[in-house]
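Q: Just so it is clear, I am handing over entry-v6.cif, which has mmCIF, C-alpha atoms and all ligand atoms.
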data_my_file
#
loop_
_atom_site.label_atom_id
_atom_site.label_comp_id
_atom_site.auth_asym_id
_atom_site.auth_seq_id
_atom_site.Cartn_x
_atom_site.Cartn_y
_atom_site.Cartn_z
CA MET I 11 -109.51 -3.90 -20.28
CA PRO I 12 -110.18 -3.60 -16.54
CA ASN I 13 -110.05 0.05 -15.41
CA ALA I 14 -107.63 -0.98 -12.65
CA THR I 15 -105.11 -2.10 -15.28
CA ARG I 16 -105.43 1.14 -17.21
CA ASP I 17 -104.97 3.13 -13.99
CA THR I 18 -101.89 1.16 -12.88
CA LEU I 19 -100.32 1.52 -16.32
CA ALA I 20 -100.96 5.26 -16.27
CA GLN I 21 -99.63 5.49 -12.70
CA LEU I 22 -96.42 3.63 -13.60
CA SER I 23 -95.93 5.62 -16.80
CA SER I 24 -96.35 8.88 -14.89
CA HIS I 25 -92.96 8.30 -13.21
CA TYR I 26 -91.42 8.91 -16.62
CA ALA I 27 -92.92 12.37 -17.22
CA GLY I 28 -90.14 14.62 -18.52
CA LYS I 29 -87.60 11.74 -18.51
CA ARG I 30 -85.43 10.94 -21.49
CA CYS I 31 -86.23 7.42 -22.63
CA LEU I 32 -84.72 5.37 -25.43
CA VAL I 33 -86.81 2.51 -26.84
CA THR I 34 -84.94 0.16 -29.16
CA GLY I 35 -87.23 -1.80 -31.47
CA GLY I 36 -89.73 1.00 -30.79
CA LEU I 37 -91.51 0.61 -34.14
CA GLY I 38 -92.26 -3.05 -33.40
CA PHE I 39 -95.13 -4.58 -31.46
CA ILE I 40 -94.13 -4.24 -27.79
CA GLY I 41 -91.83 -1.27 -28.41
CA SER I 42 -94.48 0.85 -30.11
CA ASN I 43 -97.04 0.19 -27.37
CA LEU I 44 -94.42 1.20 -24.79
CA THR I 45 -93.45 4.28 -26.80
CA LEU I 46 -97.06 5.47 -26.98
CA ALA I 47 -97.56 4.89 -23.22
CA LEU I 48 -94.39 6.86 -22.41
CA VAL I 49 -95.33 9.72 -24.75
CA GLU I 50 -98.78 9.90 -23.21
CA ALA I 51 -97.13 10.18 -19.80
CA GLY I 52 -95.02 13.13 -20.98
CA ALA I 53 -91.67 11.36 -21.43
CA ARG I 54 -89.17 12.49 -24.08
CA VAL I 55 -88.83 9.40 -26.23
CA THR I 56 -86.31 8.42 -28.89
CA VAL I 57 -86.77 5.23 -30.89
CA VAL I 58 -84.03 3.30 -32.67
CA ASP I 59 -85.34 0.64 -35.04
CA SER I 60 -83.79 -0.98 -38.11
CA LEU I 61 -87.19 -1.93 -39.61
CA GLU I 62 -85.92 -5.43 -40.20
CA PRO I 63 -87.80 -7.25 -42.98
CA ARG I 64 -90.25 -9.91 -41.67
CA HIS I 65 -90.18 -8.34 -38.19
CA GLY I 66 -93.01 -6.41 -36.57
CA GLY I 67 -91.63 -2.90 -37.17
CA ASP I 68 -93.88 -0.39 -38.90
CA ARG I 69 -93.76 3.40 -38.71
CA ARG I 70 -97.54 3.50 -38.54
CA ASN I 71 -97.39 1.70 -35.19
CA ILE I 72 -96.47 4.94 -33.42
CA GLU I 73 -98.99 6.97 -35.41
CA ASP I 74 -97.96 10.63 -35.35
CA ALA I 75 -96.60 10.56 -31.78
CA PRO I 76 -93.98 13.26 -31.06
CA VAL I 77 -91.00 10.90 -31.00
CA ASP I 78 -87.49 11.14 -32.46
CA VAL I 79 -87.06 8.13 -34.72
CA VAL I 80 -83.67 6.85 -35.85
CA ILE I 81 -83.76 4.10 -38.46
CA GLY I 82 -80.69 2.02 -37.79
CA ASP I 83 -79.26 -1.12 -36.22
CA ILE I 84 -78.49 -0.91 -32.51
CA GLY I 85 -75.24 -2.73 -33.29
CA GLU I 86 -74.05 0.30 -35.29
CA PRO I 87 -72.39 2.88 -33.03
CA ASP I 88 -73.35 5.72 -35.40
CA ALA I 89 -77.04 4.86 -35.02
CA VAL I 90 -77.07 4.82 -31.21
CA ARG I 91 -74.46 7.40 -30.17
CA ASP I 92 -76.80 10.41 -30.15
CA PRO I 93 -79.88 8.55 -28.85
CA LEU I 94 -77.82 7.18 -25.94
CA ALA I 95 -76.40 10.55 -24.97
CA GLY I 96 -78.44 11.80 -22.02
CA ALA I 97 -80.79 8.81 -21.97
CA GLU I 98 -82.00 8.11 -18.41
CA TYR I 99 -84.02 4.98 -19.23
CA VAL I 100 -83.28 2.47 -21.97
CA PHE I 101 -85.88 -0.14 -22.90
CA ASN I 102 -84.02 -2.58 -25.11
CA LEU I 103 -86.71 -4.33 -27.15
CA ALA I 104 -84.88 -4.69 -30.47
CA GLY I 105 -84.74 -8.33 -31.42
CA GLN I 106 -85.93 -11.05 -33.72
CA VAL I 107 -88.70 -13.22 -32.30
CA SER I 108 -89.20 -16.00 -34.84
CA HIS I 109 -88.04 -19.42 -33.70
CA LEU I 110 -88.62 -20.86 -37.17
CA ASP I 111 -86.65 -18.07 -38.89
CA SER I 112 -83.79 -18.60 -36.45
CA MET I 113 -83.44 -22.14 -37.77
CA THR I 114 -83.56 -21.22 -41.47
CA ASP I 115 -81.28 -18.17 -41.12
CA PRO I 116 -79.33 -18.85 -37.92
CA LEU I 117 -76.50 -16.41 -38.55
CA HIS I 118 -78.93 -13.54 -39.00
CA ASP I 119 -80.58 -14.40 -35.70
CA LEU I 120 -77.20 -14.51 -33.98
CA GLU I 121 -76.24 -11.21 -35.60
CA ILE I 122 -79.37 -9.41 -34.39
CA ASN I 123 -79.98 -11.06 -31.06
CA ALA I 124 -76.39 -11.44 -29.87
CA ARG I 125 -73.74 -9.46 -31.80
CA SER I 126 -75.82 -6.28 -32.13
CA GLN I 127 -76.76 -6.54 -28.46
CA LEU I 128 -73.13 -6.77 -27.36
CA ALA I 129 -72.13 -3.85 -29.59
CA PHE I 130 -75.04 -1.86 -28.11
CA LEU I 131 -73.98 -2.65 -24.54
CA GLU I 132 -70.46 -1.48 -25.35
CA GLU I 133 -71.76 1.88 -26.62
CA LEU I 134 -74.14 2.18 -23.69
CA ARG I 135 -71.45 1.61 -21.08
CA ARG I 136 -69.26 4.19 -22.79
CA ILE I 137 -71.90 6.88 -23.32
CA SER I 138 -74.64 6.37 -20.73
CA PRO I 139 -73.41 3.90 -18.09
CA LYS I 140 -75.85 5.11 -15.43
CA ALA I 141 -78.99 4.79 -17.56
CA ARG I 142 -81.48 2.29 -16.19
CA LEU I 143 -81.63 -0.52 -18.76
CA VAL I 144 -84.28 -3.21 -19.22
CA TYR I 145 -83.77 -6.04 -21.71
CA SER I 146 -86.62 -8.15 -23.10
CA SER I 147 -85.44 -11.74 -22.92
CA THR I 148 -87.71 -14.71 -23.47
CA ARG I 149 -89.05 -17.87 -21.84
CA GLN I 150 -87.37 -19.66 -24.75
CA VAL I 151 -84.02 -19.56 -22.88
CA TYR I 152 -85.29 -22.38 -20.60
CA GLY I 153 -85.96 -24.86 -23.40
CA ARG I 154 -88.19 -27.85 -22.53
CA PRO I 155 -89.46 -27.39 -18.98
CA GLN I 156 -88.23 -29.99 -16.50
CA VAL I 157 -90.71 -28.76 -13.87
CA LEU I 158 -93.79 -26.56 -14.08
CA PRO I 159 -94.36 -23.72 -13.51
CA VAL I 160 -90.92 -22.46 -14.54
CA ASP I 161 -89.13 -20.06 -12.20
CA GLU I 162 -85.82 -18.23 -12.68
CA THR I 163 -83.80 -21.09 -11.14
CA HIS I 164 -84.85 -23.53 -13.89
CA PRO I 165 -81.91 -24.83 -16.00
CA LEU I 166 -81.20 -22.87 -19.17
CA ASP I 167 -81.18 -25.22 -22.16
CA PRO I 168 -82.72 -23.63 -25.27
CA VAL I 169 -83.95 -25.84 -28.10
CA ASP I 170 -83.41 -23.46 -31.02
CA VAL I 171 -80.98 -20.86 -32.31
CA ASN I 172 -83.27 -18.03 -31.22
CA GLY I 173 -83.17 -19.29 -27.64
CA VAL I 174 -79.38 -19.54 -27.69
CA SER I 175 -78.89 -16.05 -29.18
CA LYS I 176 -81.39 -14.51 -26.76
CA LEU I 177 -79.69 -16.29 -23.88
CA ALA I 178 -76.36 -14.77 -24.93
CA ALA I 179 -77.88 -11.28 -24.75
CA ASP I 180 -79.72 -12.10 -21.51
CA ARG I 181 -76.41 -13.15 -19.92
CA LEU I 182 -74.51 -10.20 -21.43
CA HIS I 183 -76.90 -7.70 -19.85
CA ARG I 184 -76.37 -9.29 -16.45
CA LEU I 185 -72.62 -9.45 -17.02
CA TYR I 186 -72.51 -5.73 -17.87
CA HIS I 187 -74.25 -5.11 -14.57
CA ARG I 188 -71.88 -7.30 -12.58
CA VAL I 189 -68.63 -6.30 -14.24
CA HIS I 190 -69.29 -2.74 -15.42
CA GLY I 191 -71.98 -1.62 -12.98
CA VAL I 192 -74.58 -0.90 -15.68
CA PRO I 193 -77.99 -0.92 -13.91
CA ALA I 194 -79.48 -3.57 -16.20
CA THR I 195 -82.52 -5.77 -15.56
CA VAL I 196 -83.64 -8.75 -17.62
CA LEU I 197 -87.28 -9.73 -18.15
CA ARG I 198 -87.97 -13.18 -19.55
CA LEU I 199 -91.30 -12.70 -21.28
CA SER I 200 -93.76 -15.44 -22.07
CA ASN I 201 -96.07 -15.15 -25.14
CA VAL I 202 -97.11 -11.51 -25.49
CA TYR I 203 -100.10 -10.51 -27.63
CA GLY I 204 -102.15 -7.40 -28.29
CA PRO I 205 -102.66 -4.44 -30.60
CA ARG I 206 -99.89 -3.61 -33.12
CA GLN I 207 -98.54 -7.16 -33.26
CA ARG I 208 -97.63 -8.23 -36.78
CA LEU I 209 -100.16 -10.76 -38.04
CA ASP I 210 -99.07 -11.79 -41.50
CA GLY I 211 -97.14 -15.02 -41.93
CA ASP I 212 -96.95 -17.84 -39.40
CA HIS I 213 -93.41 -17.11 -38.30
CA GLN I 214 -94.08 -14.57 -35.50
CA GLY I 215 -95.62 -17.07 -33.07
CA PHE I 216 -98.78 -19.07 -32.67
CA LEU I 217 -101.15 -16.38 -31.31
CA PRO I 218 -100.80 -13.86 -34.15
CA ALA I 219 -101.24 -16.73 -36.61
CA PHE I 220 -104.35 -18.00 -34.78
CA LEU I 221 -105.82 -14.48 -34.67
CA ARG I 222 -105.25 -13.72 -38.34
CA ARG I 223 -106.75 -17.01 -39.46
CA ALA I 224 -109.81 -16.59 -37.26
CA ILE I 225 -110.38 -13.01 -38.42
CA GLU I 226 -110.12 -14.11 -42.04
CA GLY I 227 -112.46 -17.08 -41.44
CA GLU I 228 -109.68 -19.56 -42.22
CA PRO I 229 -109.00 -22.78 -40.29
CA ILE I 230 -106.49 -22.67 -37.44
CA THR I 231 -104.19 -25.67 -37.51
CA VAL I 232 -103.12 -27.14 -34.19
CA PHE I 233 -100.27 -29.62 -34.41
CA GLY I 234 -100.35 -33.04 -32.75
CA ASP I 235 -103.07 -33.39 -30.12
CA GLY I 236 -102.80 -29.69 -29.21
CA SER I 237 -102.35 -30.52 -25.54
CA GLN I 238 -99.20 -28.48 -24.98
CA GLN I 239 -99.98 -25.61 -22.63
CA ARG I 240 -98.97 -21.96 -22.81
CA ASP I 241 -99.45 -18.80 -20.78
CA CYS I 242 -100.13 -15.58 -22.66
CA ILE I 243 -99.74 -11.99 -21.49
CA TYR I 244 -101.61 -9.03 -22.85
CA VAL I 245 -99.24 -6.31 -23.95
CA ASP I 246 -100.37 -3.78 -21.30
CA ASP I 247 -99.36 -6.24 -18.59
CA ALA I 248 -95.96 -6.59 -20.29
CA LEU I 249 -95.63 -2.78 -20.37
CA ARG I 250 -96.39 -2.61 -16.65
CA ALA I 251 -93.56 -5.09 -16.05
CA LEU I 252 -91.10 -3.10 -18.21
CA LEU I 253 -92.00 0.18 -16.51
CA ALA I 254 -91.82 -1.32 -13.01
CA ALA I 255 -88.47 -2.98 -13.73
CA ALA I 256 -86.88 0.24 -14.99
CA TRP I 257 -88.13 2.13 -11.94
CA SER I 258 -87.65 -0.28 -9.03
CA PRO I 259 -84.44 0.30 -7.02
CA SER I 260 -84.26 -3.47 -6.37
CA ALA I 261 -84.31 -4.49 -10.04
CA PRO I 262 -80.77 -3.83 -11.37
CA GLY I 263 -78.81 -7.06 -11.82
CA GLU I 264 -81.95 -9.18 -11.50
CA VAL I 265 -83.83 -11.42 -13.90
CA PHE I 266 -87.60 -11.79 -13.70
CA ASN I 267 -90.02 -14.18 -15.38
CA ILE I 268 -93.07 -12.39 -16.73
CA GLY I 269 -96.07 -14.54 -17.61
CA HIS I 270 -99.56 -15.53 -16.57
CA HIS I 271 -101.12 -17.98 -14.09
CA GLU I 272 -103.79 -18.78 -16.70
CA HIS I 273 -102.32 -21.62 -18.74
CA LEU I 274 -104.30 -23.36 -21.45
CA SER I 275 -103.64 -25.94 -24.14
CA LEU I 276 -103.08 -24.71 -27.69
CA LEU I 277 -106.31 -26.47 -28.63
CA GLU I 278 -108.22 -24.54 -25.94
CA ILE I 279 -106.56 -21.26 -26.96
CA ALA I 280 -107.48 -21.85 -30.62
CA GLU I 281 -111.08 -22.57 -29.63
CA ILE I 282 -111.24 -19.41 -27.49
CA VAL I 283 -109.85 -17.35 -30.39
CA VAL I 284 -112.46 -18.77 -32.80
CA ALA I 285 -115.27 -18.12 -30.31
CA ALA I 286 -114.07 -14.56 -29.66
CA ALA I 287 -113.66 -13.80 -33.37
CA GLY I 288 -116.96 -15.43 -34.30
CA SER I 289 -115.27 -16.98 -37.33
CA GLY I 290 -112.72 -19.64 -38.29
CA GLU I 291 -112.48 -23.26 -37.14
CA VAL I 292 -109.90 -25.47 -35.47
CA LEU I 293 -108.27 -28.38 -37.29
CA SER I 294 -105.52 -30.67 -36.14
CA ALA I 295 -102.62 -31.92 -38.24
CA PRO I 296 -99.49 -34.00 -37.69
CA TRP I 297 -96.44 -32.05 -36.54
CA PRO I 298 -94.34 -30.69 -39.41
CA GLU I 299 -90.83 -31.99 -38.82
CA GLU I 300 -89.20 -28.54 -38.68
CA ARG I 301 -91.57 -27.51 -35.89
CA GLN I 302 -91.51 -30.72 -33.90
CA ARG I 303 -87.71 -30.63 -33.67
CA ILE I 304 -87.84 -27.35 -31.74
CA ALA I 305 -91.08 -27.90 -29.80
CA ILE I 306 -90.88 -27.35 -26.04
CA ASP I 307 -94.03 -29.18 -24.88
CA SER I 308 -95.92 -27.36 -22.13
CA TYR I 309 -94.65 -24.16 -20.53
CA TRP I 310 -96.08 -21.77 -18.02
CA THR I 311 -94.54 -19.18 -15.79
CA ASP I 312 -93.83 -18.85 -12.11
CA TYR I 313 -93.75 -15.06 -11.81
CA GLY I 314 -93.53 -15.06 -8.01
CA LYS I 315 -90.22 -13.17 -7.98
CA ALA I 316 -91.69 -10.31 -10.07
CA ALA I 317 -94.66 -10.23 -7.70
CA ARG I 318 -92.41 -10.06 -4.61
CA VAL I 319 -89.78 -7.63 -5.87
CA LEU I 320 -91.58 -5.50 -8.45
CA GLY I 321 -95.11 -5.79 -7.09
CA TRP I 322 -96.08 -6.99 -10.58
CA GLU I 323 -98.67 -9.54 -11.54
CA PRO I 324 -100.74 -10.06 -14.66
CA THR I 325 -104.19 -8.46 -14.51
CA ILE I 326 -105.78 -9.26 -17.84
CA SER I 327 -107.33 -12.62 -18.70
CA LEU I 328 -107.00 -14.14 -22.15
CA ALA I 329 -110.69 -13.49 -22.84
CA GLU I 330 -110.38 -9.79 -21.93
CA GLY I 331 -107.11 -9.33 -23.82
CA LEU I 332 -108.41 -11.08 -26.92
CA ALA I 333 -111.48 -8.86 -27.07
CA GLU I 334 -109.25 -5.73 -27.12
CA THR I 335 -106.83 -7.32 -29.55
CA LEU I 336 -109.42 -8.49 -32.05
CA ALA I 337 -111.06 -5.08 -32.24
CA ASN I 338 -107.68 -3.50 -32.97
CA HIS I 339 -106.57 -6.14 -35.44
CA ARG I 340 -109.71 -5.87 -37.55
CA SER I 341 -109.04 -2.19 -38.19
CA ARG I 342 -105.32 -2.86 -38.67
CA LEU I 343 -105.94 -5.52 -41.31
CA ALA I 344 -107.99 -2.94 -43.15
CA TRP I 345 -105.08 -0.47 -43.35
CA GLN I 346 -102.57 -3.19 -44.16
CA ALA I 347 -104.58 -4.38 -47.16
N1 LIG H 401 -93.76 -10.95 -28.68
C1 LIG H 401 -93.46 -11.88 -27.80
O1 LIG H 401 -94.28 -12.76 -27.51
C2 LIG H 401 -92.11 -11.89 -27.11
C3 LIG H 401 -91.87 -12.90 -26.15
C4 LIG H 401 -90.63 -12.93 -25.52
C5 LIG H 401 -89.67 -11.98 -25.82
N2 LIG H 401 -89.94 -11.02 -26.75
C6 LIG H 401 -88.90 -10.04 -27.05
O2 LIG H 401 -89.43 -8.74 -27.02
C7 LIG H 401 -88.78 -7.93 -28.00
C8 LIG H 401 -89.81 -7.24 -28.87
O3 LIG H 401 -90.58 -8.24 -29.53
P1 LIG H 401 -91.83 -7.87 -30.46
O4 LIG H 401 -92.81 -8.96 -30.33
O5 LIG H 401 -92.25 -6.47 -30.22
O6 LIG H 401 -91.15 -8.02 -31.90
P2 LIG H 401 -91.31 -7.10 -33.20
O7 LIG H 401 -90.72 -7.86 -34.33
O8 LIG H 401 -92.71 -6.64 -33.34
O9 LIG H 401 -90.40 -5.84 -32.84
C9 LIG H 401 -89.02 -5.92 -32.81
C10 LIG H 401 -88.48 -4.66 -33.44
O10 LIG H 401 -87.05 -4.67 -33.31
C11 LIG H 401 -86.51 -4.15 -34.51
N3 LIG H 401 -85.14 -4.65 -34.59
C12 LIG H 401 -84.73 -5.93 -34.68
N4 LIG H 401 -83.40 -6.01 -34.65
C13 LIG H 401 -82.94 -4.74 -34.53
C14 LIG H 401 -81.65 -4.17 -34.42
N5 LIG H 401 -80.56 -4.93 -34.42
N6 LIG H 401 -81.54 -2.83 -34.29
C15 LIG H 401 -82.66 -2.04 -34.28
N7 LIG H 401 -83.91 -2.54 -34.37
C16 LIG H 401 -84.05 -3.87 -34.49
C17 LIG H 401 -87.42 -4.67 -35.61
O11 LIG H 401 -87.31 -3.88 -36.80
C18 LIG H 401 -88.78 -4.55 -34.94
O12 LIG H 401 -89.38 -3.30 -35.20
C19 LIG H 401 -87.83 -8.84 -28.76
O13 LIG H 401 -86.53 -8.70 -28.24
C20 LIG H 401 -88.35 -10.22 -28.45
O14 LIG H 401 -87.35 -11.21 -28.50
C21 LIG H 401 -91.14 -10.95 -27.40
#
So, in terms of structure tokens, how does the structure I just supplied come out?
A:
Amino acid sequence: MPNATRDTLAQLSSHYAGKRCLVTGGLGFIGSNLTLALVEAGARVTVVDSLEPRHGGDRRNIEDAPVDVVIGDIGEPDAVRDPLAGAEYVFNLAGQVSHLDSMTDPLHDLEINARSQLAFLEELRRISPKARLVYSSTRQVYGRPQVLPVDETHPLDPVDVNGVSKLAADRLHRLYHRVHGVPATVLRLSNVYGPRQRLDGDHQGFLPAFLRRAIEGEPITVFGDGSQQRDCIYVDDALRALLAAAWSPSAPGEVFNIGHHEHLSLLEIAEIVVAAAGSGEVLSAPWPEERQRIAIDSYWTDYGKAARVLGWEPTISLAEGLAETLANHRSRLAWQA
């Protein structure tokens, strides 16, 4: 990782020294990386995570960091009452990410991504209404891009249940700002990858699946002609966006797209992963029907608003991020075995 990135992340995290931070979903991929960065900066961190089956949560993700961990659903007032009391910063990363799972178990997705979020917002406005709140929404709320790159004014028309549930929570966070004055900010993240991301199964997104297959020397399957493009952000860049959004005085009430200017076809990404891993191969196959029905074609992000308002832009290329990620994943697969 470029030293400049490490320095900026450390600089941003340093604002949180001594601050009381709540990270929901803090045992999952992005949440655990954020938790460790905050702890390193000297913040007092509490994590609430329900360790949902099939999600990325794992206690080992936060190693033996000095963090208060509450195992519970953020939709349950009993689980969040104490963690919310006195919290100055709330990073709301609890959620279910699988588009495929949202179509096979839609009510569960709605429960986690919408109902629990609304219940959490109700508790938050009652207990800690002045806490700075950042919610991790997703590019999926836009659906199939009508123009590229996609900025925040693009129509919202999700193609799967996950996108609809996440959009409900995205809108609810902004509504609680407008109506109740909660200082909430929404980040619509593109594909995030990096250390501590769950690799097993193909339901967590294409990059973890590509990485696992390459590491294990298995073929990576790209559907159709593989020409659909994506932008991918290394997790440290996502952390910088979360930390900047919670800190910036201009961020409450705003929504920001967070992605990368480097956009590549899935075929190119698969080939880069195989080259970086030194193993695996790329095969193509016809689209499975259940995937084609919710495919969004090409997507990449216009993050100009985040650059203007938060001073944020991605700093890590796919090649750099993959090198860090692969080294971490190889050791992780060893302890998961
Ligand atoms: N990873 C990505 O590429 C990506 C892209 C866009 C948005 N996001 C969003 O970022 C957030 C974090 O994603 P991630 O990749 O770290 O996923 P993850 O599955 O690794 O982590 C999510 C964590 O949230 C926990 N959780 C889920 N529902 C909960 C609930 N109701 N109460 C308490 N804990 C709960 C899970 O147990 C898990 O530990 C999610 O909201 C996701 O929608 C992720």
Q: So how many Å separate atom CA of Glu86 of chain I and atom N5 of ligand LIG 401 (chain H), to one decimal?
A: 8.4 Å
Q: What's around Val319 of chain I at 7 Å? Count all atoms listed in the file, leave out sequence neighbours fewer than 3 positions away in its own chain, and write the answer as a VMD selection string.
A: chain I and resid 260 315 to 316
Q: Could you produce a table of the residues of chain I lying within 8 Å of ligand LIG 401 (chain H), with the nearest pair of atoms per residue and their separation in Å rounded to one decimal, using all atoms listed in the file, ordered by chain and increasing residue number, as a tab-separated table?
A:
residue	atom	partner	partner_atom	distance
I:Thr34	CA	H:LIG401	N7	6.0
I:Gly35	CA	H:LIG401	O10	3.4
I:Gly36	CA	H:LIG401	O12	6.2
I:Leu37	CA	H:LIG401	O12	4.6
I:Gly38	CA	H:LIG401	O9	3.4
I:Phe39	CA	H:LIG401	O5	3.7
I:Ile40	CA	H:LIG401	O5	3.8
I:Gly41	CA	H:LIG401	O5	5.5
I:Ser42	CA	H:LIG401	O5	7.7
I:Val58	CA	H:LIG401	C15	5.7
I:Asp59	CA	H:LIG401	N7	3.6
I:Ser60	CA	H:LIG401	N7	4.1
I:Leu61	CA	H:LIG401	O11	3.4
I:Glu62	CA	H:LIG401	O11	4.0
I:Pro63	CA	H:LIG401	O11	7.1
I:Arg64	CA	H:LIG401	O7	7.6
I:His65	CA	H:LIG401	O7	3.9
I:Gly66	CA	H:LIG401	O8	3.3
I:Gly67	CA	H:LIG401	O12	3.0
I:Asp68	CA	H:LIG401	O12	6.5
I:Ile81	CA	H:LIG401	C15	7.5
I:Gly82	CA	H:LIG401	C15	5.7
I:Asp83	CA	H:LIG401	N6	3.4
I:Ile84	CA	H:LIG401	N6	4.0
I:Gly85	CA	H:LIG401	N5	5.9
I:Asn102	CA	H:LIG401	O13	7.3
I:Leu103	CA	H:LIG401	C7	4.2
I:Ala104	CA	H:LIG401	O10	3.6
I:Gly105	CA	H:LIG401	O13	3.7
I:Gln106	CA	H:LIG401	C12	5.3
I:Val107	CA	H:LIG401	O14	4.5
I:Glu121	CA	H:LIG401	N5	7.7
I:Ile122	CA	H:LIG401	N5	4.6
I:Asn123	CA	H:LIG401	N5	7.0
I:Ser126	CA	H:LIG401	N5	5.4
I:Gln127	CA	H:LIG401	N5	7.2
I:Tyr145	CA	H:LIG401	O13	7.6
I:Ser146	CA	H:LIG401	O2	4.9
I:Ser147	CA	H:LIG401	C5	5.1
I:Thr148	CA	H:LIG401	C4	4.0
I:Arg149	CA	H:LIG401	C4	6.4
I:Gln150	CA	H:LIG401	C4	7.5
I:Lys176	CA	H:LIG401	O14	7.0
I:Arg198	CA	H:LIG401	C4	6.5
I:Leu199	CA	H:LIG401	C4	4.3
I:Ser200	CA	H:LIG401	C3	5.2
I:Asn201	CA	H:LIG401	O1	3.8
I:Val202	CA	H:LIG401	O1	3.7
I:Tyr203	CA	H:LIG401	O1	6.2
I:Arg206	CA	H:LIG401	O8	7.8
I:Gln207	CA	H:LIG401	O8	5.9
I:Arg208	CA	H:LIG401	O8	6.2
I:Gln214	CA	H:LIG401	O7	7.6
I:Gly215	CA	H:LIG401	O1	7.2
Q: Between atom CA of Ala261 of chain I and atom CA of Gly28 of chain I, what is the spacing in Å?
A: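 Result for atom CA of Gly28 of chain I versus atom CA of Ala261 of chain I: 21.7 Å, one decimal.
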Q: Let me make sure I understand: among I:Glu291, I:Asp241, I:Asp17, I:Asp210, which one has the smallest atom-to-atom distance to Gly227 of chain I if we use all atoms listed in the file?
A: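 For Gly227 of chain I, the nearest of the given residues is I:Glu291.
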Q: Go through I:Gly290, I:Gly269, I:Gly211, I:Gly236 and flag the residue nearest Glu323 of chain I, using all atoms listed in the file for the distances.
A: I:Gly269
Q: Have a look at I:Leu117, I:Val174, I:Val79, I:Ala194 and name the one nearest to Val100 of chain I; count only C-alpha atoms.
A: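 Going through I:Leu117, I:Val174, I:Val79, I:Ala194 one by one, the smallest distance to Val100 of chain I is for I:Ala194.
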Q: Would you kindly return, as a list of chain:residue names, each protein, DNA or RNA residue with an atom no farther than 10 Å from any atom of Arg30 of chain I, considering only C-alpha atoms and excluding same-chain residues fewer than 2 positions away?
A: I:Tyr26, I:Ala27, I:Gly28, I:Leu32, I:Leu48, I:Gly52, I:Ala53, I:Arg54, I:Val55, I:Thr56, I:Pro93, I:Leu94, I:Ala95, I:Gly96, I:Ala97, I:Glu98, I:Tyr99, I:Val100, I:Ala141
Q: Output C-alpha atoms for every residue in the selection just made, as a PDB file, keeping the file's coordinate frame.
A:
ATOM      1  CA  TYR I  26     -91.420   8.910 -16.620  1.00  0.00           C
ATOM      2  CA  ALA I  27     -92.920  12.370 -17.220  1.00  0.00           C
ATOM      3  CA  GLY I  28     -90.140  14.620 -18.520  1.00  0.00           C
ATOM      4  CA  LEU I  32     -84.720   5.370 -25.430  1.00  0.00           C
ATOM      5  CA  LEU I  48     -94.390   6.860 -22.410  1.00  0.00           C
ATOM      6  CA  GLY I  52     -95.020  13.130 -20.980  1.00  0.00           C
ATOM      7  CA  ALA I  53     -91.670  11.360 -21.430  1.00  0.00           C
ATOM      8  CA  ARG I  54     -89.170  12.490 -24.080  1.00  0.00           C
ATOM      9  CA  VAL I  55     -88.830   9.400 -26.230  1.00  0.00           C
ATOM     10  CA  THR I  56     -86.310   8.420 -28.890  1.00  0.00           C
ATOM     11  CA  PRO I  93     -79.880   8.550 -28.850  1.00  0.00           C
ATOM     12  CA  LEU I  94     -77.820   7.180 -25.940  1.00  0.00           C
ATOM     13  CA  ALA I  95     -76.400  10.550 -24.970  1.00  0.00           C
ATOM     14  CA  GLY I  96     -78.440  11.800 -22.020  1.00  0.00           C
ATOM     15  CA  ALA I  97     -80.790   8.810 -21.970  1.00  0.00           C
ATOM     16  CA  GLU I  98     -82.000   8.110 -18.410  1.00  0.00           C
ATOM     17  CA  TYR I  99     -84.020   4.980 -19.230  1.00  0.00           C
ATOM     18  CA  VAL I 100     -83.280   2.470 -21.970  1.00  0.00           C
ATOM     19  CA  ALA I 141     -78.990   4.790 -17.560  1.00  0.00           C
TER      20      ALA I 141
END
Q: Could you work out how far atom CA of His118 of chain I lies from atom CA of Gly234 of chain I, giving the answer in Å with one decimal?
A: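 That distance, rounded to one decimal, is 29.6 Å.
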Q: At a cut-off of 9 Å from (-103.7, -17.2, -40.3) in the coordinates of the file, what residues are picked up using only C-alpha atoms, written as a VMD selection string?
A: chain I and resid 209 to 212 218 to 231
Q: For His183 of chain I, list every protein, DNA or RNA residue within 12 Å, evaluated using only C-alpha atoms, and leave out those in the same chain fewer than 3 positions away; present the list as a VMD selection string.
A: chain I and resid 102 124 127 to 132 134 to 135 142 to 147 176 to 180 186 to 197 262 to 265
Q: Which one of I:Asp170, I:Glu334, I:Asp312, I:Asp247 sits closest to Pro205 of chain I if you count all atoms listed in the file?
A: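 Looking only at the distances to Pro205 of chain I, the closest residue turns out to be I:Glu334.
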Q: Counting all atoms listed in the file, which residues come within 12 Å of (-108.4, -20.9, -18.6), with the point read in the file's coordinates, and could you list them as a short mmCIF file (atom, residue, chain, number, x, y, z; two decimals) with C-alpha atoms, in the frame of the given file?
A:
data_model
loop_
_atom_site.label_atom_id
_atom_site.label_comp_id
_atom_site.auth_asym_id
_atom_site.auth_seq_id
_atom_site.Cartn_x
_atom_site.Cartn_y
_atom_site.Cartn_z
CA GLN I 239 -99.98 -25.61 -22.63
CA ARG I 240 -98.97 -21.96 -22.81
CA ASP I 241 -99.45 -18.80 -20.78
CA CYS I 242 -100.13 -15.58 -22.66
CA HIS I 270 -99.56 -15.53 -16.57
CA HIS I 271 -101.12 -17.98 -14.09
CA GLU I 272 -103.79 -18.78 -16.70
CA HIS I 273 -102.32 -21.62 -18.74
CA LEU I 274 -104.30 -23.36 -21.45
CA SER I 275 -103.64 -25.94 -24.14
CA LEU I 276 -103.08 -24.71 -27.69
CA LEU I 277 -106.31 -26.47 -28.63
CA GLU I 278 -108.22 -24.54 -25.94
CA ILE I 279 -106.56 -21.26 -26.96
CA GLU I 281 -111.08 -22.57 -29.63
CA ILE I 282 -111.24 -19.41 -27.49
CA ILE I 326 -105.78 -9.26 -17.84
CA SER I 327 -107.33 -12.62 -18.70
CA LEU I 328 -107.00 -14.14 -22.15
CA ALA I 329 -110.69 -13.49 -22.84
CA GLU I 330 -110.38 -9.79 -21.93
#
